[in-house]
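Novice: One file: work11.cif (mmCIF, C-alpha atoms).
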data_my_file
loop_
_atom_site.label_atom_id
_atom_site.label_comp_id
_atom_site.auth_asym_id
_atom_site.auth_seq_id
_atom_site.Cartn_x
_atom_site.Cartn_y
_atom_site.Cartn_z
CA MET A 1 68.22 74.47 128.06
CA PRO A 2 69.45 77.46 130.00
CA MET A 3 66.66 79.64 131.26
CA ILE A 4 68.22 82.77 129.78
CA LYS A 5 67.80 81.43 126.22
CA LEU A 6 64.12 80.75 126.82
CA TYR A 7 63.83 84.24 128.24
CA PHE A 8 65.33 85.82 125.12
CA LEU A 9 63.30 83.63 122.77
CA SER A 10 60.15 85.06 124.33
CA PHE A 11 61.21 88.53 123.15
CA PHE A 12 60.90 87.46 119.53
CA SER A 13 57.47 87.80 118.07
CA PRO A 14 55.70 84.59 117.06
CA LYS A 15 56.07 85.70 113.45
CA ALA A 16 59.85 86.11 113.87
CA ARG A 17 60.15 82.67 115.51
CA LEU A 18 58.22 81.08 112.67
CA LYS A 19 60.42 82.86 110.12
CA LEU A 20 63.54 81.57 111.86
CA GLY A 21 62.05 78.08 111.96
CA GLU A 22 61.32 78.24 108.24
CA GLN A 23 64.89 79.35 107.53
CA VAL A 24 66.24 76.45 109.57
CA TRP A 25 63.89 74.03 107.75
CA ASN A 26 64.92 75.32 104.32
CA LYS A 27 68.60 75.02 105.14
CA LEU A 28 68.21 71.49 106.50
CA ASP A 29 65.88 70.42 103.70
CA ALA A 30 68.47 71.41 101.09
CA GLN A 31 71.09 69.20 102.79
CA LEU A 32 68.92 66.13 103.42
CA PRO A 33 67.90 63.34 101.06
CA LYS A 34 64.59 63.80 99.24
CA ALA A 35 61.43 63.40 101.33
CA TYR A 36 58.88 60.90 100.02
CA GLY A 37 56.21 61.04 102.71
CA ILE A 38 56.47 57.29 103.32
CA ILE A 39 58.04 56.32 106.64
CA GLU A 40 60.07 53.39 105.28
CA ASP A 41 61.42 55.42 102.34
CA ASP A 42 62.24 58.40 104.55
CA ARG A 43 64.41 56.51 107.05
CA PRO A 44 67.72 57.69 105.53
CA ARG A 45 66.40 61.26 105.62
CA MET A 46 65.32 60.93 109.25
CA GLN A 47 68.73 59.58 110.27
CA ALA A 48 70.45 62.46 108.47
CA PHE A 49 67.97 64.89 110.02
CA PHE A 50 68.73 63.55 113.50
CA LYS A 51 72.48 63.98 112.91
CA ALA A 52 71.97 67.52 111.56
CA LEU A 53 69.99 68.47 114.67
CA LYS A 54 73.10 67.96 116.79
CA SER A 55 74.71 70.98 115.14
CA LEU A 56 71.73 73.27 115.81
CA GLY A 57 71.48 75.48 118.84
CA SER A 58 68.57 75.34 121.26
CA LEU A 59 66.90 78.46 119.88
CA LYS A 60 66.95 77.14 116.33
CA LYS A 61 65.55 73.81 117.47
CA LEU A 62 62.71 75.57 119.29
CA ALA A 63 61.99 77.77 116.29
CA LEU A 64 62.01 74.71 114.00
CA GLN A 65 59.67 72.90 116.36
CA GLU A 66 57.23 75.83 116.36
CA TRP A 67 57.38 76.08 112.57
CA LEU A 68 56.71 72.36 112.12
CA LYS A 69 53.76 72.55 114.52
CA ASP A 70 52.43 75.54 112.60
CA GLN A 71 52.71 73.69 109.28
CA ILE A 72 50.94 70.66 110.74
CA TYR A 73 48.17 72.88 112.11
CA ASP A 74 47.72 74.57 108.74
CA LEU A 75 47.52 71.26 106.90
CA THR A 76 44.98 69.81 109.32
CA HIS A 77 42.78 72.88 109.85
CA ASN A 78 43.19 75.30 106.95
CA PHE A 79 42.14 73.42 103.87
CA SER A 80 39.66 73.87 101.10
CA GLU A 81 36.71 71.51 101.03
CA LEU A 82 36.77 71.80 97.26
CA SER A 83 40.30 70.50 96.85
CA SER A 84 41.03 67.80 94.31
CA SER A 85 42.30 64.34 95.15
CA SER A 86 45.80 65.26 93.96
CA GLU A 87 45.78 68.28 96.29
CA GLU A 88 44.63 66.08 99.18
CA GLU A 89 47.37 63.58 98.37
CA PHE A 90 49.94 66.41 98.37
CA GLU A 91 48.66 67.66 101.75
CA ARG A 92 48.75 64.15 103.28
CA LYS A 93 52.29 63.66 102.02
CA TRP A 94 53.54 66.86 103.64
CA LEU A 95 51.56 66.23 106.80
CA GLN A 96 53.37 62.89 107.09
CA ILE A 97 56.75 64.52 106.40
CA TYR A 98 56.26 67.30 108.95
CA ASN A 99 54.90 64.92 111.60
CA GLU A 100 57.83 62.56 111.18
CA HIS A 101 60.36 65.40 111.42
CA LEU A 102 58.64 66.73 114.54
CA ARG A 103 58.70 63.24 116.06
CA VAL A 104 62.45 62.92 115.41
CA LEU A 105 63.06 66.45 116.70
CA ASN A 106 61.43 65.49 120.01
CA LEU A 107 63.37 62.23 120.36
CA LYS A 108 66.70 61.62 122.01
CA THR A 109 67.50 58.86 119.46
CA PRO A 110 66.01 58.22 115.99
#
Will you turn the file into structure tokens for me?
Specialist:
Amino acid sequence: MPMIKLYFLSFFSPKARLKLGEQVWNKLDAQLPKAYGIIEDDRPRMQAFFKALKSLGSLKKLALQEWLKDQIYDLTHNFSELSSSSEEEFERKWLQIYNEHLRVLNLKTP
């Protein structure tokens, strides 16, 4: 990635980078097959996600990466100890989905 893009990305506040990452996620999520939170069932989604990443610029990829990391952090650290089993299941599902997307984002091939 050209150094100038990294330089300009640093001018954005962390909040602005996360907002951009969320916008990129929402746009991609609307185009991709449904996420199930099960690696085997999400393979078609991951392949489509990998293909969609090719059309994103470096700044959007970095913002998406930061947003995914932020979501993963929230799911692993900011939880209620009084949550129900269905809430825990929901959190585990999305933790799996975000982790798998982050893994694919960091790969050269799916």
Novice: Report the distance between atom CA of A:Ser55 and atom CA of A:Gln31 in Å, rounded to one decimal place.
Specialist: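 Rounded to one decimal, the two atoms are 13.0 Å apart.
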Novice: If the PyMOL selection byres ((chain A and resi 65-76) around 8) is run on the structure shown, which residues does it catch, given as a ChimeraX atom specification?
Specialist: /A:17-19,21-22,61-64,77-79,91,95,98-99,101-102,105
Novice: Expanded to explicit residues, what is the PyMOL selection byres ((chain A and resi 49) around 9) for this file, as a list in words?
Specialist: Leu28, Asp29, Gln31, Leu32, Pro44, Arg45, Met46, Gln47, Ala48, Phe50, Lys51, Ala52, Leu53, His101, Val104 and Leu105 of chain A
Novice: Given 4 Å of margin on each side, can you work out the centre and size in Å (one decimal) of an axis-aligned box holding every listed atom of stretch 17-35 of chain A, as JSON?
Specialist:
{"center_x": 64.7, "center_y": 73.1, "center_z": 107.4, "size_x": 20.9, "size_y": 27.5, "size_z": 24.3}
Novice: How many Å separate atom CA of A:Val24 from atom CA of A:Lys60?
Specialist: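 Atom-to-atom, atom CA of A:Val24 to atom CA of A:Lys60, that is 6.8 Å.
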Novice: How many Å lie between atom CA of A:Gly37 and atom CA of A:Trp94, rounded to one decimal?
Specialist: 6.5 Å
Novice: Tell me which of A:Leu20, A:Lys15, A:Arg92, A:Ser80 sits closest to A:Tyr36, counting all atoms listed in the file.
Specialist: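 For A:Tyr36, the nearest of the candidates is A:Arg92.
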Novice: Can you patch up stretch 88-99 of chain A, filling it in to all heavy atoms, and show the result as an mmCIF file, in the coordinates of the input?
Specialist:
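rebuild-v1.cif, written as the output of this step:
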data_model
loop_
_atom_site.group_PDB
_atom_site.id
_atom_site.type_symbol
_atom_site.label_atom_id
_atom_site.label_comp_id
_atom_site.auth_asym_id
_atom_site.auth_seq_id
_atom_site.Cartn_x
_atom_site.Cartn_y
_atom_site.Cartn_z
ATOM 1 N N GLU A 88 44.731 66.784 97.897
ATOM 2 C CA GLU A 88 44.630 66.080 99.180
ATOM 3 C C GLU A 88 45.809 65.135 99.368
ATOM 4 O O GLU A 88 46.343 65.013 100.468
ATOM 5 C CB GLU A 88 43.313 65.304 99.251
ATOM 6 C CG GLU A 88 42.107 66.179 99.424
ATOM 7 C CD GLU A 88 40.811 65.391 99.455
ATOM 8 O OE1 GLU A 88 40.840 64.139 99.459
ATOM 9 O OE2 GLU A 88 39.746 66.041 99.469
ATOM 10 N N GLU A 89 46.222 64.474 98.304
ATOM 11 C CA GLU A 89 47.370 63.580 98.370
ATOM 12 C C GLU A 89 48.632 64.372 98.709
ATOM 13 O O GLU A 89 49.441 63.950 99.544
ATOM 14 C CB GLU A 89 47.553 62.864 97.036
ATOM 15 C CG GLU A 89 48.699 61.885 97.008
ATOM 16 C CD GLU A 89 48.848 61.211 95.663
ATOM 17 O OE1 GLU A 89 47.915 61.262 94.845
ATOM 18 O OE2 GLU A 89 49.918 60.634 95.435
ATOM 19 N N PHE A 90 48.803 65.531 98.087
ATOM 20 C CA PHE A 90 49.940 66.410 98.370
ATOM 21 C C PHE A 90 49.933 66.842 99.831
ATOM 22 O O PHE A 90 50.973 66.809 100.507
ATOM 23 C CB PHE A 90 49.888 67.634 97.448
ATOM 24 C CG PHE A 90 50.991 68.621 97.684
ATOM 25 C CD1 PHE A 90 52.248 68.426 97.139
ATOM 26 C CD2 PHE A 90 50.768 69.755 98.456
ATOM 27 C CE1 PHE A 90 53.259 69.335 97.353
ATOM 28 C CE2 PHE A 90 51.779 70.674 98.677
ATOM 29 C CZ PHE A 90 53.038 70.464 98.123
ATOM 30 N N GLU A 91 48.775 67.225 100.354
ATOM 31 C CA GLU A 91 48.660 67.660 101.750
ATOM 32 C C GLU A 91 48.970 66.513 102.710
ATOM 33 O O GLU A 91 49.658 66.710 103.712
ATOM 34 C CB GLU A 91 47.263 68.215 102.017
ATOM 35 C CG GLU A 91 47.005 69.539 101.343
ATOM 36 C CD GLU A 91 45.569 70.001 101.440
ATOM 37 O OE1 GLU A 91 44.699 69.242 101.933
ATOM 38 O OE2 GLU A 91 45.301 71.141 101.021
ATOM 39 N N ARG A 92 48.469 65.316 102.417
ATOM 40 C CA ARG A 92 48.750 64.150 103.280
ATOM 41 C C ARG A 92 50.243 63.821 103.276
ATOM 42 O O ARG A 92 50.800 63.482 104.303
ATOM 43 C CB ARG A 92 47.948 62.938 102.813
ATOM 44 C CG ARG A 92 46.534 62.917 103.302
ATOM 45 C CD ARG A 92 45.870 61.560 103.120
ATOM 46 N NE ARG A 92 46.025 61.013 101.779
ATOM 47 C CZ ARG A 92 45.224 61.263 100.756
ATOM 48 N NH1 ARG A 92 44.193 62.056 100.918
ATOM 49 N NH2 ARG A 92 45.441 60.707 99.574
ATOM 50 N N LYS A 93 50.854 63.929 102.118
ATOM 51 C CA LYS A 93 52.290 63.660 102.020
ATOM 52 C C LYS A 93 53.068 64.603 102.932
ATOM 53 O O LYS A 93 53.897 64.169 103.730
ATOM 54 C CB LYS A 93 52.755 63.835 100.570
ATOM 55 C CG LYS A 93 54.263 63.786 100.396
ATOM 56 C CD LYS A 93 54.675 64.140 98.980
ATOM 57 C CE LYS A 93 56.172 64.299 98.893
ATOM 58 N NZ LYS A 93 56.613 64.717 97.568
ATOM 59 N N TRP A 94 52.785 65.897 102.831
ATOM 60 C CA TRP A 94 53.540 66.860 103.640
ATOM 61 C C TRP A 94 53.157 66.800 105.108
ATOM 62 O O TRP A 94 53.997 67.049 105.982
ATOM 63 C CB TRP A 94 53.406 68.264 103.049
ATOM 64 C CG TRP A 94 54.321 68.351 101.871
ATOM 65 C CD1 TRP A 94 53.991 68.250 100.562
ATOM 66 C CD2 TRP A 94 55.744 68.445 101.929
ATOM 67 N NE1 TRP A 94 55.124 68.292 99.790
ATOM 68 C CE2 TRP A 94 56.215 68.416 100.603
ATOM 69 C CE3 TRP A 94 56.675 68.549 102.958
ATOM 70 C CZ2 TRP A 94 57.564 68.495 100.281
ATOM 71 C CZ3 TRP A 94 58.023 68.633 102.641
ATOM 72 C CH2 TRP A 94 58.448 68.603 101.317
ATOM 73 N N LEU A 95 51.944 66.434 105.403
ATOM 74 C CA LEU A 95 51.560 66.230 106.800
ATOM 75 C C LEU A 95 52.383 65.095 107.398
ATOM 76 O O LEU A 95 52.899 65.206 108.514
ATOM 77 C CB LEU A 95 50.060 65.929 106.897
ATOM 78 C CG LEU A 95 49.487 65.771 108.294
ATOM 79 C CD1 LEU A 95 49.680 67.045 109.106
ATOM 80 C CD2 LEU A 95 48.008 65.415 108.213
ATOM 81 N N GLN A 96 52.543 64.019 106.655
ATOM 82 C CA GLN A 96 53.370 62.890 107.090
ATOM 83 C C GLN A 96 54.827 63.327 107.274
ATOM 84 O O GLN A 96 55.465 63.002 108.278
ATOM 85 C CB GLN A 96 53.289 61.748 106.076
ATOM 86 C CG GLN A 96 54.265 60.617 106.320
ATOM 87 C CD GLN A 96 53.993 59.875 107.604
ATOM 88 O OE1 GLN A 96 52.845 59.703 107.976
ATOM 89 N NE2 GLN A 96 55.015 59.452 108.280
ATOM 90 N N ILE A 97 55.353 64.072 106.331
ATOM 91 C CA ILE A 97 56.750 64.520 106.400
ATOM 92 C C ILE A 97 56.958 65.411 107.617
ATOM 93 O O ILE A 97 57.908 65.207 108.389
ATOM 94 C CB ILE A 97 57.137 65.254 105.093
ATOM 95 C CG1 ILE A 97 57.199 64.247 103.936
ATOM 96 C CG2 ILE A 97 58.467 65.993 105.251
ATOM 97 C CD1 ILE A 97 57.289 64.877 102.557
ATOM 98 N N TYR A 98 56.102 66.398 107.807
ATOM 99 C CA TYR A 98 56.260 67.300 108.950
ATOM 100 C C TYR A 98 56.087 66.573 110.280
ATOM 101 O O TYR A 98 56.836 66.813 111.230
ATOM 102 C CB TYR A 98 55.276 68.466 108.863
ATOM 103 C CG TYR A 98 55.529 69.415 107.708
ATOM 104 C CD1 TYR A 98 54.470 69.989 107.021
ATOM 105 C CD2 TYR A 98 56.821 69.739 107.299
ATOM 106 C CE1 TYR A 98 54.691 70.867 105.965
ATOM 107 C CE2 TYR A 98 57.044 70.611 106.251
ATOM 108 C CZ TYR A 98 55.978 71.173 105.584
ATOM 109 O OH TYR A 98 56.200 72.035 104.544
ATOM 110 N N ASN A 99 55.106 65.677 110.365
ATOM 111 C CA ASN A 99 54.900 64.920 111.600
ATOM 112 C C ASN A 99 56.115 64.061 111.936
ATOM 113 O O ASN A 99 56.515 63.973 113.102
ATOM 114 C CB ASN A 99 53.650 64.037 111.493
ATOM 115 C CG ASN A 99 52.404 64.752 111.896
ATOM 116 O OD1 ASN A 99 52.364 65.462 112.894
ATOM 117 N ND2 ASN A 99 51.353 64.571 111.114
#
